[in-house]
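Have a look at work04.txt below; it lists compact mmCIF, C-alpha atoms.
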```txt
# COMPACT_ATOMS: atom_id res chain seq x y z
CA MET A 1 149.92 40.32 196.41
CA ASP A 2 147.70 38.13 194.48
CA ALA A 3 145.04 40.70 194.98
CA ILE A 4 147.31 43.37 193.55
CA LYS A 5 148.22 41.14 190.62
CA LYS A 6 144.61 40.39 190.03
CA LYS A 7 143.82 44.03 190.40
CA MET A 8 146.68 44.88 187.97
CA GLN A 9 145.50 42.26 185.53
CA ALA A 10 141.95 43.51 185.85
CA MET A 11 143.19 47.05 185.28
CA LYS A 12 145.25 45.87 182.35
CA VAL A 13 142.22 44.11 180.85
CA GLU A 14 140.18 47.18 181.60
CA LYS A 15 142.92 49.35 179.99
CA ASP A 16 143.03 47.07 176.92
CA ASN A 17 139.25 47.19 176.70
CA ALA A 18 139.35 50.97 177.08
CA MET A 19 142.09 51.15 174.43
CA ASP A 20 140.04 48.94 172.12
CA ARG A 21 137.00 51.10 172.75
CA GLY A 22 139.17 54.20 172.19
CA ASP A 23 140.49 52.73 168.92
CA VAL A 24 136.94 51.87 167.86
CA CYS A 25 135.82 55.40 168.76
CA GLU A 26 138.79 56.93 166.95
CA GLN A 27 138.02 54.83 163.90
CA ALA A 28 134.36 55.82 164.14
CA ALA A 29 135.43 59.47 164.47
CA LYS A 30 137.68 59.14 161.40
CA ASP A 31 134.86 57.46 159.48
CA ALA A 32 132.49 60.20 160.64
CA LYS A 33 134.99 62.88 159.55
CA VAL A 34 135.34 61.22 156.14
CA ARG A 35 131.56 61.00 155.83
CA ALA A 36 131.27 64.60 157.01
CA GLY A 37 133.85 65.67 154.41
CA LYS A 38 132.00 63.82 151.69
CA ALA A 39 128.72 65.31 152.90
CA GLU A 40 130.29 68.81 152.89
CA GLU A 41 131.55 68.20 149.34
CA GLU A 42 128.08 67.04 148.32
CA VAL A 43 126.57 70.09 150.01
CA ALA A 44 129.05 72.34 148.20
CA GLU A 45 128.21 70.65 144.89
CA LEU A 46 124.49 70.95 145.62
CA VAL A 47 124.92 74.64 146.54
CA LYS A 48 126.84 75.16 143.30
CA LYS A 49 124.13 73.33 141.32
CA ALA A 50 121.45 75.36 143.11
CA GLN A 51 123.24 78.57 142.17
CA GLN A 52 123.53 77.40 138.55
CA LEU A 53 119.85 76.49 138.55
CA GLU A 54 118.99 79.93 139.97
CA VAL A 55 121.06 81.59 137.22
CA GLU A 56 119.37 79.40 134.59
CA LEU A 57 115.97 80.19 136.15
CA ASP A 58 116.70 83.93 135.94
CA LYS A 59 117.78 83.58 132.30
CA THR A 60 114.72 81.50 131.50
CA GLN A 61 112.44 84.03 133.19
CA GLU A 62 114.06 86.85 131.22
CA GLU A 63 113.62 84.83 128.01
CA LEU A 64 110.00 84.19 128.99
CA LEU A 65 109.40 87.91 129.48
CA THR A 66 111.08 88.70 126.15
CA THR A 67 109.10 86.00 124.37
CA THR A 68 105.88 87.16 126.02
CA GLU A 69 106.52 90.73 124.85
CA LYS A 70 107.27 89.50 121.34
CA LEU A 71 104.09 87.42 121.41
CA LYS A 72 102.05 90.47 122.45
CA GLU A 73 103.64 92.48 119.63
CA LYS A 74 102.83 89.73 117.14
CA GLU A 75 99.26 89.51 118.44
CA ASN A 76 98.91 93.28 118.07
CA SER A 77 100.35 93.07 114.56
CA LEU A 78 97.94 90.26 113.77
CA SER A 79 95.00 92.26 115.09
CA SER A 80 95.92 95.32 113.06
CA ALA A 81 96.50 93.13 109.99
CA GLU A 82 93.07 91.55 110.45
CA LEU A 83 91.50 95.00 110.78
CA GLU A 84 93.30 96.09 107.61
CA VAL A 85 92.14 92.96 105.77
CA ASN A 86 88.56 93.61 106.90
CA ALA A 87 88.80 97.23 105.74
CA LEU A 88 90.21 96.09 102.40
CA ASN A 89 87.44 93.51 102.04
CA ARG A 90 84.85 96.23 102.65
CA ARG A 91 86.63 98.42 100.09
CA VAL A 92 86.66 95.55 97.56
CA GLN A 93 82.95 94.99 98.11
CA SER A 94 82.31 98.70 97.65
CA LEU A 95 84.41 98.74 94.48
CA GLU A 96 82.59 95.66 93.18
CA GLY A 97 79.28 97.44 93.79
CA ASP A 98 80.62 100.53 91.99
CA LEU A 99 81.82 98.31 89.16
CA GLU A 100 78.38 96.76 88.78
CA THR A 101 76.80 100.22 88.75
CA CYS A 102 79.32 101.41 86.16
CA GLU A 103 78.75 98.30 84.05
CA ASP A 104 74.99 98.92 84.17
CA LYS A 105 75.51 102.56 83.19
CA LEU A 106 77.88 101.47 80.41
CA LEU A 107 75.29 99.03 79.11
CA LEU A 108 72.62 101.76 79.11
CA ALA A 109 75.00 104.22 77.44
CA THR A 110 75.95 101.60 74.82
CA ASN A 111 72.27 100.92 74.11
CA LYS A 112 71.61 104.67 73.80
CA LEU A 113 74.67 105.00 71.55
CA ASP A 114 73.43 102.16 69.35
CA LYS A 115 70.01 103.82 69.10
CA ALA A 116 71.62 107.20 68.37
CA ALA A 117 73.88 105.60 65.72
CA THR A 118 70.86 103.93 64.12
CA ALA A 119 68.95 107.22 64.22
CA ALA A 120 71.98 109.00 62.73
CA ASP A 121 72.18 106.40 59.95
CA ASP A 122 68.46 106.80 59.30
CA SER A 123 68.81 110.60 59.30
CA ASP A 124 71.78 110.38 56.93
CA ARG A 125 69.82 108.14 54.55
CA MET A 126 66.85 110.48 54.73
CA ARG A 127 69.14 113.48 54.05
CA LYS A 128 70.54 111.76 50.98
CA VAL A 129 67.06 110.88 49.76
CA LEU A 130 65.85 114.45 50.35
CA GLU A 131 68.96 115.90 48.68
CA SER A 132 68.35 113.60 45.71
CA ARG A 133 64.68 114.66 45.53
CA ALA A 134 65.66 118.32 45.91
CA GLN A 135 68.10 117.96 43.06
CA GLN A 136 65.50 116.21 40.92
CA ASP A 137 62.96 118.93 41.82
CA GLU A 138 65.46 121.65 40.88
CA GLU A 139 66.13 119.96 37.57
CA ARG A 140 62.41 119.66 36.95
CA MET A 141 61.89 123.30 37.96
CA GLY A 142 64.65 124.28 35.56
CA LYS A 143 62.93 122.35 32.72
CA LEU A 144 59.56 123.78 33.68
CA GLU A 145 60.98 127.33 33.71
CA GLU A 146 62.43 126.76 30.25
CA GLU A 147 59.12 125.37 29.04
CA LEU A 148 57.38 128.35 30.64
CA LYS A 149 59.72 130.74 28.84
CA GLY A 150 59.13 128.85 25.62
CA ALA A 151 55.36 128.97 26.15
CA ARG A 152 55.50 132.73 26.90
CA ASN A 153 57.57 133.30 23.86
CA GLN A 154 55.05 131.35 21.78
CA ALA A 155 52.17 133.21 23.43
CA GLU A 156 53.84 136.53 22.72
CA ASP A 157 54.50 135.48 19.15
CA ALA A 158 50.98 134.41 18.65
```

Just give me the structure as structure tokens.
Amino acid sequence: MDAIKKKMQAMKVEKDNAMDRGDVCEQAAKDAKVRAGKAEEEVAELVKKAQQLEVELDKTQEELLTTTEKLKEKENSLSSAELEVNALNRRVQSLEGDLETCEDKLLLATNKLDKAATAADDSDRMRKVLESRAQQDEERMGKLEEELKGARNQAEDA
């Protein structure tokens, strides 16, 4: 009987040990389930964040494409504006050259006009002088004709 009691006590100790080990394992399983739940929540949050980041990445890529297109348009506008400015600069240079030519021609024409005005003034003065002389000559011719008539009359009378 002692052997049975010992055996029973040994079995009881073994059962208590097994129960303790079972409790420890159950507690470990509960802890593992809690950790697994937390890990699943973290995974769900990370998946949600990853999806949000993917959506933001798509939006950012679309914005990048839009901005790149706008930049290309602005660069094209800038290039055409630079070409237009260069064309206008060439036009301004051409107009400045034309202006210089016109100014030179104007100066020559002004000089010719001054000479022509001087010549016209000289001609006008000469005309007046000649008209005055012609008038004086006509008056003298008139006197001489009268003297001639008077001398003929005297010659006829004599």

Centre, edges in Å (one decimal): axis-aligned box, stretch 122-128 of chain A, 3 Å padding on all six sides, as lines of an AutoDock Vina configuration file:
```
center_x = 69.3
center_y = 110.1
center_z = 55.1
size_x = 10.9
size_y = 12.7
size_z = 14.3
```

Using 12 Å as the limit and counting all atoms listed in the file, can you tabulate each residue of stretch 27-108 of chain A that touches stretch 113-121 of chain A, with its shortest atom-to-atom distance in Å and the two atoms involved, as JSON lines?
```
{"residue": "A:Lys105", "atom": "CA", "partner": "A:Leu113", "partner_atom": "CA", "distance": 11.9}
{"residue": "A:Leu106", "atom": "CA", "partner": "A:Leu113", "partner_atom": "CA", "distance": 10.1}
{"residue": "A:Leu107", "atom": "CA", "partner": "A:Leu113", "partner_atom": "CA", "distance": 9.7}
{"residue": "A:Leu108", "atom": "CA", "partner": "A:Leu113", "partner_atom": "CA", "distance": 8.5}
```

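Computed from the coordinates, the atom CA of A:Glu41 to atom CA of A:Arg21 distance equals 29.5 Å.
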
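From atom CA of A:Arg35 back to atom CA of A:Leu53, the distance works out to 26.0 Å.
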
**OP:** Work out how far atom CA of A:Arg91 is from atom CA of A:Leu71, in Å to one decimal.
**Re:** 29.7 Å

Kindly add N, CA, C and O atoms to the incomplete stretch 62-87 of chain A and provide the output as a PDB file, in the frame of the given file.
```pdb
ATOM      1  N   GLU A  62     113.830  85.706 132.108  1.00  0.00           N
ATOM      2  CA  GLU A  62     114.060  86.850 131.220  1.00  0.00           C
ATOM      3  C   GLU A  62     113.646  86.490 129.788  1.00  0.00           C
ATOM      4  O   GLU A  62     113.004  87.287 129.097  1.00  0.00           O
ATOM      5  N   GLU A  63     114.013  85.273 129.349  1.00  0.00           N
ATOM      6  CA  GLU A  63     113.620  84.830 128.010  1.00  0.00           C
ATOM      7  C   GLU A  63     112.098  84.737 127.905  1.00  0.00           C
ATOM      8  O   GLU A  63     111.513  85.090 126.868  1.00  0.00           O
ATOM      9  N   LEU A  64     111.456  84.275 128.976  1.00  0.00           N
ATOM     10  CA  LEU A  64     110.000  84.190 128.990  1.00  0.00           C
ATOM     11  C   LEU A  64     109.383  85.574 128.853  1.00  0.00           C
ATOM     12  O   LEU A  64     108.441  85.768 128.079  1.00  0.00           O
ATOM     13  N   LEU A  65     109.910  86.546 129.578  1.00  0.00           N
ATOM     14  CA  LEU A  65     109.400  87.910 129.480  1.00  0.00           C
ATOM     15  C   LEU A  65     109.592  88.458 128.063  1.00  0.00           C
ATOM     16  O   LEU A  65     108.679  89.059 127.488  1.00  0.00           O
ATOM     17  N   THR A  66     110.796  88.236 127.511  1.00  0.00           N
ATOM     18  CA  THR A  66     111.080  88.700 126.150  1.00  0.00           C
ATOM     19  C   THR A  66     110.134  88.039 125.152  1.00  0.00           C
ATOM     20  O   THR A  66     109.558  88.707 124.287  1.00  0.00           O
ATOM     21  N   THR A  67     109.969  86.746 125.283  1.00  0.00           N
ATOM     22  CA  THR A  67     109.100  86.000 124.370  1.00  0.00           C
ATOM     23  C   THR A  67     107.651  86.438 124.536  1.00  0.00           C
ATOM     24  O   THR A  67     106.923  86.563 123.543  1.00  0.00           O
ATOM     25  N   THR A  68     107.243  86.701 125.772  1.00  0.00           N
ATOM     26  CA  THR A  68     105.880  87.160 126.020  1.00  0.00           C
ATOM     27  C   THR A  68     105.650  88.520 125.364  1.00  0.00           C
ATOM     28  O   THR A  68     104.605  88.756 124.742  1.00  0.00           O
ATOM     29  N   GLU A  69     106.631  89.414 125.484  1.00  0.00           N
ATOM     30  CA  GLU A  69     106.520  90.730 124.850  1.00  0.00           C
ATOM     31  C   GLU A  69     106.441  90.593 123.332  1.00  0.00           C
ATOM     32  O   GLU A  69     105.630  91.249 122.679  1.00  0.00           O
ATOM     33  N   LYS A  70     107.301  89.720 122.785  1.00  0.00           N
ATOM     34  CA  LYS A  70     107.270  89.500 121.340  1.00  0.00           C
ATOM     35  C   LYS A  70     105.921  88.930 120.913  1.00  0.00           C
ATOM     36  O   LYS A  70     105.381  89.311 119.866  1.00  0.00           O
ATOM     37  N   LEU A  71     105.394  88.011 121.720  1.00  0.00           N
ATOM     38  CA  LEU A  71     104.090  87.420 121.410  1.00  0.00           C
ATOM     39  C   LEU A  71     103.010  88.487 121.412  1.00  0.00           C
ATOM     40  O   LEU A  71     102.155  88.517 120.516  1.00  0.00           O
ATOM     41  N   LYS A  72     103.043  89.381 122.404  1.00  0.00           N
ATOM     42  CA  LYS A  72     102.050  90.470 122.450  1.00  0.00           C
ATOM     43  C   LYS A  72     102.179  91.358 121.221  1.00  0.00           C
ATOM     44  O   LYS A  72     101.179  91.763 120.632  1.00  0.00           O
ATOM     45  N   GLU A  73     103.430  91.660 120.829  1.00  0.00           N
ATOM     46  CA  GLU A  73     103.640  92.480 119.630  1.00  0.00           C
ATOM     47  C   GLU A  73     103.076  91.779 118.399  1.00  0.00           C
ATOM     48  O   GLU A  73     102.420  92.405 117.562  1.00  0.00           O
ATOM     49  N   LYS A  74     103.336  90.481 118.296  1.00  0.00           N
ATOM     50  CA  LYS A  74     102.830  89.730 117.140  1.00  0.00           C
ATOM     51  C   LYS A  74     101.308  89.687 117.158  1.00  0.00           C
ATOM     52  O   LYS A  74     100.665  89.790 116.109  1.00  0.00           O
ATOM     53  N   GLU A  75     100.720  89.522 118.347  1.00  0.00           N
ATOM     54  CA  GLU A  75      99.260  89.510 118.440  1.00  0.00           C
ATOM     55  C   GLU A  75      98.697  90.862 118.028  1.00  0.00           C
ATOM     56  O   GLU A  75      97.678  90.921 117.332  1.00  0.00           O
ATOM     57  N   ASN A  76      99.360  91.945 118.470  1.00  0.00           N
ATOM     58  CA  ASN A  76      98.910  93.280 118.070  1.00  0.00           C
ATOM     59  C   ASN A  76      99.038  93.460 116.567  1.00  0.00           C
ATOM     60  O   ASN A  76      98.147  94.019 115.915  1.00  0.00           O
ATOM     61  N   SER A  77     100.161  92.993 116.014  1.00  0.00           N
ATOM     62  CA  SER A  77     100.350  93.070 114.560  1.00  0.00           C
ATOM     63  C   SER A  77      99.271  92.276 113.842  1.00  0.00           C
ATOM     64  O   SER A  77      98.724  92.723 112.825  1.00  0.00           O
ATOM     65  N   LEU A  78      98.975  91.097 114.370  1.00  0.00           N
ATOM     66  CA  LEU A  78      97.940  90.260 113.770  1.00  0.00           C
ATOM     67  C   LEU A  78      96.587  90.956 113.821  1.00  0.00           C
ATOM     68  O   LEU A  78      95.844  90.962 112.829  1.00  0.00           O
ATOM     69  N   SER A  79      96.278  91.561 114.966  1.00  0.00           N
ATOM     70  CA  SER A  79      95.000  92.260 115.090  1.00  0.00           C
ATOM     71  C   SER A  79      94.902  93.406 114.097  1.00  0.00           C
ATOM     72  O   SER A  79      93.879  93.572 113.422  1.00  0.00           O
ATOM     73  N   SER A  80      95.963  94.198 114.006  1.00  0.00           N
ATOM     74  CA  SER A  80      95.920  95.320 113.060  1.00  0.00           C
ATOM     75  C   SER A  80      95.862  94.806 111.623  1.00  0.00           C
ATOM     76  O   SER A  80      95.179  95.388 110.774  1.00  0.00           O
ATOM     77  N   ALA A  81      96.555  93.704 111.335  1.00  0.00           N
ATOM     78  CA  ALA A  81      96.500  93.130 109.990  1.00  0.00           C
ATOM     79  C   ALA A  81      95.085  92.631 109.682  1.00  0.00           C
ATOM     80  O   ALA A  81      94.584  92.811 108.562  1.00  0.00           O
ATOM     81  N   GLU A  82      94.440  92.015 110.663  1.00  0.00           N
ATOM     82  CA  GLU A  82      93.070  91.550 110.450  1.00  0.00           C
ATOM     83  C   GLU A  82      92.133  92.727 110.215  1.00  0.00           C
ATOM     84  O   GLU A  82      91.253  92.665 109.357  1.00  0.00           O
ATOM     85  N   LEU A  83      92.321  93.808 110.983  1.00  0.00           N
ATOM     86  CA  LEU A  83      91.500  95.000 110.780  1.00  0.00           C
ATOM     87  C   LEU A  83      91.719  95.564 109.375  1.00  0.00           C
ATOM     88  O   LEU A  83      90.771  95.965 108.691  1.00  0.00           O
ATOM     89  N   GLU A  84      92.979  95.573 108.953  1.00  0.00           N
ATOM     90  CA  GLU A  84      93.300  96.090 107.610  1.00  0.00           C
ATOM     91  C   GLU A  84      92.671  95.215 106.535  1.00  0.00           C
ATOM     92  O   GLU A  84      92.115  95.717 105.553  1.00  0.00           O
ATOM     93  N   VAL A  85      92.745  93.892 106.738  1.00  0.00           N
ATOM     94  CA  VAL A  85      92.140  92.960 105.770  1.00  0.00           C
ATOM     95  C   VAL A  85      90.632  93.182 105.711  1.00  0.00           C
ATOM     96  O   VAL A  85      90.040  93.211 104.623  1.00  0.00           O
ATOM     97  N   ASN A  86      90.009  93.366 106.882  1.00  0.00           N
ATOM     98  CA  ASN A  86      88.560  93.610 106.900  1.00  0.00           C
ATOM     99  C   ASN A  86      88.225  94.909 106.173  1.00  0.00           C
ATOM    100  O   ASN A  86      87.253  94.969 105.405  1.00  0.00           O
ATOM    101  N   ALA A  87      89.028  95.953 106.422  1.00  0.00           N
ATOM    102  CA  ALA A  87      88.800  97.230 105.740  1.00  0.00           C
ATOM    103  C   ALA A  87      88.970  97.057 104.234  1.00  0.00           C
ATOM    104  O   ALA A  87      88.172  97.585 103.439  1.00  0.00           O
TER     105      ALA A  87
END
```
